[in-house]
>>> print(open('protein.tsv').read())   # TSV, C-alpha atoms
chain	number	residue	atom	x	y	z
R	1	MET	CA	17.47	9.38	-8.41
R	2	ARG	CA	20.57	7.51	-9.53
R	3	ASN	CA	22.48	5.35	-7.07
R	4	ASP	CA	25.35	2.87	-6.97
R	5	LEU	CA	23.73	0.50	-4.51
R	6	ARG	CA	24.01	-2.46	-6.83
R	7	ASP	CA	27.75	-1.91	-7.37
R	8	ARG	CA	28.32	-1.68	-3.63
R	9	ARG	CA	26.23	-4.77	-2.99
R	10	ASP	CA	28.02	-6.75	-5.68
R	11	ALA	CA	31.39	-5.62	-4.34
R	12	ASP	CA	30.45	-7.04	-0.94
R	13	GLY	CA	29.16	-10.25	-2.49
R	14	LEU	CA	25.66	-9.69	-1.17
R	15	SER	CA	22.42	-10.75	-2.76
R	16	GLN	CA	19.47	-8.39	-2.73
R	17	ALA	CA	17.87	-10.61	-0.12
R	18	ASP	CA	20.98	-10.51	2.08
R	19	LEU	CA	21.02	-6.72	2.03
R	20	ALA	CA	17.26	-6.57	2.54
R	21	ASP	CA	17.48	-8.79	5.61
R	22	ALA	CA	20.37	-6.78	7.00
R	23	ILE	CA	18.54	-3.49	6.58
R	24	GLY	CA	15.10	-4.78	7.52
R	25	VAL	CA	13.21	-4.23	4.30
R	26	THR	CA	11.92	-6.52	1.58
R	27	ARG	CA	14.03	-7.73	-1.33
R	28	GLN	CA	11.58	-6.00	-3.65
R	29	THR	CA	12.43	-2.67	-2.03
R	30	ILE	CA	16.15	-3.15	-2.62
R	31	ASN	CA	15.41	-4.16	-6.20
R	32	SER	CA	13.25	-1.07	-6.76
R	33	ILE	CA	15.89	1.26	-5.29
R	34	GLU	CA	18.61	-0.24	-7.49
R	35	ARG	CA	16.45	0.18	-10.57
R	36	GLY	CA	15.71	3.79	-9.66
R	37	ARG	CA	12.01	3.11	-9.33
R	38	TYR	CA	11.81	3.89	-5.64
R	39	ASP	CA	13.47	6.71	-3.70
R	40	PRO	CA	14.01	5.53	-0.12
R	41	SER	CA	13.03	7.54	2.91
R	42	LEU	CA	15.73	9.54	4.64
R	43	GLU	CA	15.75	6.97	7.42
R	44	LEU	CA	16.34	4.07	5.02
R	45	ALA	CA	18.95	6.07	3.10
R	46	PHE	CA	20.84	6.61	6.36
R	47	GLU	CA	20.58	2.90	7.17
R	48	LEU	CA	22.03	1.99	3.79
R	49	ALA	CA	24.81	4.54	4.18
R	50	ASP	CA	25.60	3.23	7.67
R	51	TYR	CA	25.62	-0.34	6.40
R	52	PHE	CA	28.16	0.45	3.68
R	53	ASP	CA	30.04	2.76	6.04
R	54	THR	CA	29.72	5.75	3.76
R	55	SER	CA	27.55	8.83	3.35
R	56	ILE	CA	24.17	9.15	1.69
R	57	GLU	CA	25.49	11.43	-1.04
R	58	ASP	CA	28.13	8.83	-1.93
R	59	ILE	CA	25.40	6.30	-2.69
R	60	PHE	CA	22.67	8.53	-4.07
R	61	ASP	CA	22.95	11.20	-6.73
R	62	PRO	CA	19.93	13.52	-6.69
R	63	GLU	CA	20.91	14.90	-10.11
R	64	GLY	CA	20.78	11.47	-11.70
R	65	ASP	CA	17.63	10.02	-13.21
R	66	GLY	CA	17.11	6.30	-12.59
W	1	MET	CA	26.70	-11.90	-10.29
W	2	THR	CA	23.52	-11.01	-8.57
W	3	THR	CA	20.48	-10.51	-10.73
W	4	THR	CA	17.09	-8.99	-10.09
W	5	ASN	CA	15.50	-12.44	-10.41
W	6	GLU	CA	16.72	-13.88	-7.15
W	7	SER	CA	14.64	-16.49	-5.41
W	8	ALA	CA	11.80	-15.38	-3.21
W	9	ARG	CA	12.51	-14.97	0.48
W	10	PRO	CA	10.43	-16.25	3.37
W	11	ARG	CA	9.06	-12.75	3.97
W	12	THR	CA	7.56	-12.76	0.48
W	13	THR	CA	5.87	-16.06	1.27
W	14	SER	CA	4.62	-14.67	4.57
W	15	ARG	CA	3.12	-11.65	2.82
W	16	THR	CA	1.41	-13.93	0.34
W	17	VAL	CA	-0.04	-16.11	3.09
W	18	TYR	CA	-1.24	-13.05	5.03
W	19	SER	CA	-2.81	-11.47	1.95
W	20	LEU	CA	-4.37	-14.79	0.93
W	21	LEU	CA	-6.06	-15.13	4.31
W	22	TRP	CA	-7.71	-11.72	3.85
W	23	VAL	CA	-8.73	-12.62	0.29
W	24	LEU	CA	-10.27	-15.85	1.58
W	25	ALA	CA	-12.07	-13.85	4.28
W	26	GLY	CA	-13.58	-11.57	1.67
W	27	VAL	CA	-14.48	-14.33	-0.78
W	28	ALA	CA	-16.05	-16.49	1.93
W	29	TYR	CA	-17.96	-13.49	3.29
W	30	ALA	CA	-19.35	-12.48	-0.09
W	31	GLY	CA	-19.96	-16.05	-1.25
W	32	LEU	CA	-21.89	-17.07	1.85
W	33	ILE	CA	-23.98	-13.90	1.71
W	34	VAL	CA	-24.91	-14.73	-1.88
W	35	LEU	CA	-25.85	-18.22	-0.64
W	36	GLU	CA	-28.04	-16.51	2.00
W	37	GLN	CA	-25.98	-17.75	4.93
W	38	PRO	CA	-25.46	-14.49	6.86
W	39	PHE	CA	-24.18	-15.95	10.13
W	40	ALA	CA	-21.84	-18.34	8.39
W	41	ALA	CA	-20.61	-15.41	6.27
W	42	VAL	CA	-19.75	-13.30	9.30
W	43	GLY	CA	-18.29	-16.32	11.09
W	44	ALA	CA	-16.03	-17.16	8.15
W	45	PHE	CA	-14.93	-13.53	7.79
W	46	VAL	CA	-14.10	-13.24	11.48
W	47	ALA	CA	-12.32	-16.62	11.49
W	48	PHE	CA	-10.12	-15.83	8.49
W	49	GLY	CA	-9.56	-12.28	9.75
W	50	ILE	CA	-8.45	-13.49	13.18
W	51	GLY	CA	-6.30	-16.09	11.47
W	52	ALA	CA	-4.58	-13.37	9.44
W	53	VAL	CA	-4.00	-11.15	12.47
W	54	VAL	CA	-2.68	-14.04	14.58
W	55	TYR	CA	-0.43	-15.17	11.73
W	56	ARG	CA	1.00	-11.68	11.35
W	57	THR	CA	1.47	-11.25	15.09
W	58	ARG	CA	3.26	-14.59	15.51
W	59	LEU	CA	5.72	-13.83	12.72
W	60	GLY	CA	7.54	-11.49	15.08
W	61	GLU	CA	8.84	-9.21	12.34
W	62	PRO	CA	7.37	-6.46	10.19
W	63	LEU	CA	5.55	-7.96	7.24
W	64	PHE	CA	5.53	-4.78	5.17
W	65	ASP	CA	8.17	-2.09	4.80
W	66	GLU	CA	8.21	1.61	3.90
W	67	ARG	CA	7.82	0.94	0.18
W	68	ASP	CA	4.66	-1.08	0.83
W	69	ASN	CA	3.33	1.74	2.99
W	70	ARG	CA	4.08	4.29	0.28
W	71	ILE	CA	2.36	2.12	-2.32
W	72	ARG	CA	-0.69	1.82	-0.06
W	73	ARG	CA	-0.79	5.59	0.53
W	74	GLN	CA	-0.50	6.25	-3.19
W	75	ALA	CA	-3.24	3.73	-3.98
W	76	ALA	CA	-5.48	5.28	-1.31
W	77	ASP	CA	-4.78	8.74	-2.71
W	78	PHE	CA	-5.66	7.66	-6.25
W	79	THR	CA	-8.78	5.86	-5.05
W	80	LEU	CA	-9.98	8.93	-3.19
W	81	ARG	CA	-9.31	11.12	-6.22
W	82	ILE	CA	-11.22	8.77	-8.50
W	83	VAL	CA	-14.17	8.70	-6.10
W	84	GLY	CA	-13.99	12.48	-5.64
W	85	ILE	CA	-13.75	13.40	-9.31
W	86	GLY	CA	-16.30	10.75	-10.28
W	87	SER	CA	-18.75	12.02	-7.68
W	88	ALA	CA	-18.16	15.67	-8.64
W	89	VAL	CA	-19.19	14.80	-12.20
W	90	PHE	CA	-21.81	12.09	-11.60
W	91	PHE	CA	-23.99	13.54	-8.84
W	92	PRO	CA	-24.47	17.08	-10.24
W	93	THR	CA	-25.24	15.50	-13.62
W	94	ALA	CA	-27.76	13.16	-12.01
W	95	VAL	CA	-29.37	16.08	-10.14
W	96	VAL	CA	-29.70	18.13	-13.35
W	97	LEU	CA	-31.19	15.15	-15.20
W	98	TRP	CA	-33.57	14.58	-12.30
W	99	GLY	CA	-34.56	18.26	-12.38
W	100	LEU	CA	-35.24	18.05	-16.10
W	101	GLY	CA	-37.38	14.97	-15.60
W	102	HIS	CA	-35.08	12.71	-17.64
W	103	HIS	CA	-33.90	10.66	-14.72
W	104	SER	CA	-35.51	9.08	-11.70
W	105	TRP	CA	-33.83	9.20	-8.29
W	106	PRO	CA	-33.89	5.63	-6.94
W	107	PRO	CA	-33.27	5.00	-3.22
W	108	TRP	CA	-29.92	3.31	-3.84
W	109	LEU	CA	-28.66	6.48	-5.49
W	110	MET	CA	-29.65	8.50	-2.46
W	111	TYR	CA	-27.82	6.08	-0.17
W	112	LEU	CA	-24.78	6.25	-2.43
W	113	GLY	CA	-24.89	10.04	-2.37
W	114	VAL	CA	-25.10	10.09	1.43
W	115	TYR	CA	-22.22	7.59	1.63
W	116	VAL	CA	-20.03	9.72	-0.63
W	117	ALA	CA	-20.93	12.86	1.33
W	118	MET	CA	-20.03	11.14	4.62
W	119	LEU	CA	-16.78	9.87	3.11
W	120	THR	CA	-15.91	13.39	2.00
W	121	LEU	CA	-16.71	14.81	5.44
W	122	LEU	CA	-14.62	12.10	7.10
W	123	TYR	CA	-11.73	12.88	4.77
W	124	GLY	CA	-11.94	16.56	5.62
W	125	PHE	CA	-12.11	15.80	9.35
W	126	VAL	CA	-9.11	13.44	9.22
W	127	THR	CA	-7.17	15.97	7.13
W	128	VAL	CA	-7.72	18.63	9.81
W	129	LEU	CA	-6.64	16.19	12.53
W	130	VAL	CA	-3.47	15.19	10.68
W	131	ARG	CA	-2.65	18.83	9.91
W	132	ARG	CA	-2.94	19.75	13.59
W	133	HIS	CA	-0.39	17.10	14.50
W	134	ARG	CA	2.20	18.34	11.99
>>> encode(input="protein.tsv", output="structure tokens")
Amino acid sequence: MRNDLRDRRDADGLSQADLADAIGVTRQTINSIERGRYDPSLELAFELADYFDTSIEDIFDPEGDG
Amino acid sequence: MTTTNESARPRTTSRTVYSLLWVLAGVAYAGLIVLEQPFAAVGAFVAFGIGAVVYRTRLGEPLFDERDNRIRRQAADFTLRIVGIGSAVFFPTAVVLWGLGHHSWPPWLMYLGVYVAMLTLLYGFVTVLVRRHR
């Protein structure tokens, strides 16, 4: 599943670790999501959307592949 | 620009320490058993195990997240499949060979067979329990 998490994170000047700490997951999880190797749970997807003040479908594209 | 090679965070170190304590528990346990020190083996395992649990408890934050849990579930699933498929091939083959007189049936193989059967029954029981709660 494609996503623009890295673009959003970079735009906010956040490191992967910063975002991970803010969301309550490990840096490796953020890294895996950005690389399209891990699809987050619905709960985590909502947390990411809330953090960036947007909707899940704005961050994640279910049609995309990685 | 942020890269994927950022420096490790304290949580990563904490996970390493926690995992290392369990590895030490296992190595000490096995090593002392090989050295025929059964009480020391159990003592070392309990000591390292308690150390790991206390360490994790005192951290005050989750050590593993949902991705770790999913990895563990996937690993457990694969492990169970390997054991299941392996047993489904190995034990009937061993029984046929035993029946044909080409293979003896040592006690350890019987214990292994009982263990696998109990594991399969436990899996079925837990599956029913989980299904009833969903």
>>> closest_residue(input="protein.tsv", among="W:Phe64, W:Phe90, W:Tyr18, W:Trp105", to="chain R", atoms="only C-alpha atoms")
W:Phe64
>>> closest_atom_pairs(input="protein.tsv", of="chain R", to="chain W", cutoff="10 Å", atoms="all atoms listed in the file", output="CSV")
residue,atom,partner,partner_atom,distance
R:Arg6,CA,W:Thr2,CA,8.7
R:Arg9,CA,W:Thr2,CA,8.8
R:Asp10,CA,W:Thr2,CA,6.8
R:Ala11,CA,W:Met1,CA,9.8
R:Gly13,CA,W:Thr2,CA,8.3
R:Leu14,CA,W:Thr2,CA,7.8
R:Ser15,CA,W:Thr2,CA,5.9
R:Gln16,CA,W:Glu6,CA,7.6
R:Ala17,CA,W:Arg9,CA,6.9
R:Asp18,CA,W:Arg9,CA,9.7
R:Ala20,CA,W:Arg9,CA,9.9
R:Asp21,CA,W:Arg9,CA,9.4
R:Gly24,CA,W:Asp65,CA,7.9
R:Val25,CA,W:Asp65,CA,5.5
R:Thr26,CA,W:Asp65,CA,6.6
R:Arg27,CA,W:Arg9,CA,7.6
R:Gln28,CA,W:Arg67,CA,8.8
R:Thr29,CA,W:Arg67,CA,6.3
R:Ile30,CA,W:Thr4,CA,9.5
R:Asn31,CA,W:Thr4,CA,6.4
R:Ser32,CA,W:Arg67,CA,9.0
R:Ile33,CA,W:Arg67,CA,9.8
R:Glu34,CA,W:Thr4,CA,9.3
R:Arg35,CA,W:Thr4,CA,9.2
R:Tyr38,CA,W:Arg67,CA,7.6
R:Asp39,CA,W:Arg67,CA,9.0
R:Pro40,CA,W:Arg67,CA,7.7
R:Ser41,CA,W:Glu66,CA,7.7
R:Glu43,CA,W:Glu66,CA,9.9
R:Leu44,CA,W:Glu66,CA,8.6
>>> atom_distance(input="protein.tsv", atom1="atom CA of Pro106 of chain W", atom2="atom CA of Val83 of chain W")
20.0 Å
>>> residues_around(input="protein.tsv", residues="Gly36 of chain R", least_positions_apart="5", cutoff="12 Å", atoms="only C-alpha atoms", output="list in words")
Met1, Arg2, Asn3, Asp4, Leu5, Arg6, Thr29, Ile30, Asn31, Phe60, Asp61, Pro62, Gly64, Asp65 and Gly66 of chain R
>>> residues_around(input="protein.tsv", residues="segment 49-59 of chain W", least_positions_apart="3", cutoff="7 Å", atoms="all atoms listed in the file", output="PyMOL selection string")
chain W and resi 18+21-22+25+45-46
>>> write_last_selection(input="protein.tsv", atoms="C-alpha atoms", output="compact mmCIF listing (two decimals), in the frame of the given file")
# COMPACT_ATOMS: atom_id res chain seq x y z
CA TYR W 18 -1.24 -13.05 5.03
CA LEU W 21 -6.06 -15.13 4.31
CA TRP W 22 -7.71 -11.72 3.85
CA ALA W 25 -12.07 -13.85 4.28
CA PHE W 45 -14.93 -13.53 7.79
CA VAL W 46 -14.10 -13.24 11.48
>>> atom_distance(input="protein.tsv", atom1="atom CA of Ile23 of chain R", atom2="atom CA of Phe52 of chain R")
10.8 Å
>>> residues_around(input="protein.tsv", residues="Tyr29 of chain W", least_positions_apart="4", cutoff="12 Å", atoms="all atoms listed in the file", output="list in words")
Trp22, Val23, Leu24, Ala25, Ile33, Val34, Leu35, Glu36, Gln37, Pro38, Phe39, Ala40, Ala41, Val42, Gly43, Ala44, Phe45, Val46, Ala47, Phe48 and Gly49 of chain W
>>> atom_distance(input="protein.tsv", atom1="atom CA of Tyr115 of chain W", atom2="atom CA of Arg72 of chain W")
22.4 Å
>>> residues_around(input="protein.tsv", residues="Ala94 of chain W", least_positions_apart="4", cutoff="12 Å", atoms="all atoms listed in the file", output="list in words")
Gly86, Ser87, Ala88, Val89, Phe90, Trp98, Gly99, Leu100, Gly101, His102, His103, Ser104, Trp105, Pro106, Leu109, Met110 and Gly113 of chain W
>>> residues_around(input="protein.tsv", residues="Ile56 of chain R", least_positions_apart="4", cutoff="9 Å", atoms="all atoms listed in the file", output="NGL selection string")
:R and (42 or 45-46 or 48-50 or 60-61)
>>> write_last_selection(input="protein.tsv", atoms="C-alpha atoms", output="short mmCIF file (atom, residue, chain, number, x, y, z; two decimals), in the frame of the given file")
data_model
loop_
_atom_site.label_atom_id
_atom_site.label_comp_id
_atom_site.auth_asym_id
_atom_site.auth_seq_id
_atom_site.Cartn_x
_atom_site.Cartn_y
_atom_site.Cartn_z
CA LEU R 42 15.73 9.54 4.64
CA ALA R 45 18.95 6.07 3.10
CA PHE R 46 20.84 6.61 6.36
CA LEU R 48 22.03 1.99 3.79
CA ALA R 49 24.81 4.54 4.18
CA ASP R 50 25.60 3.23 7.67
CA PHE R 60 22.67 8.53 -4.07
CA ASP R 61 22.95 11.20 -6.73
#
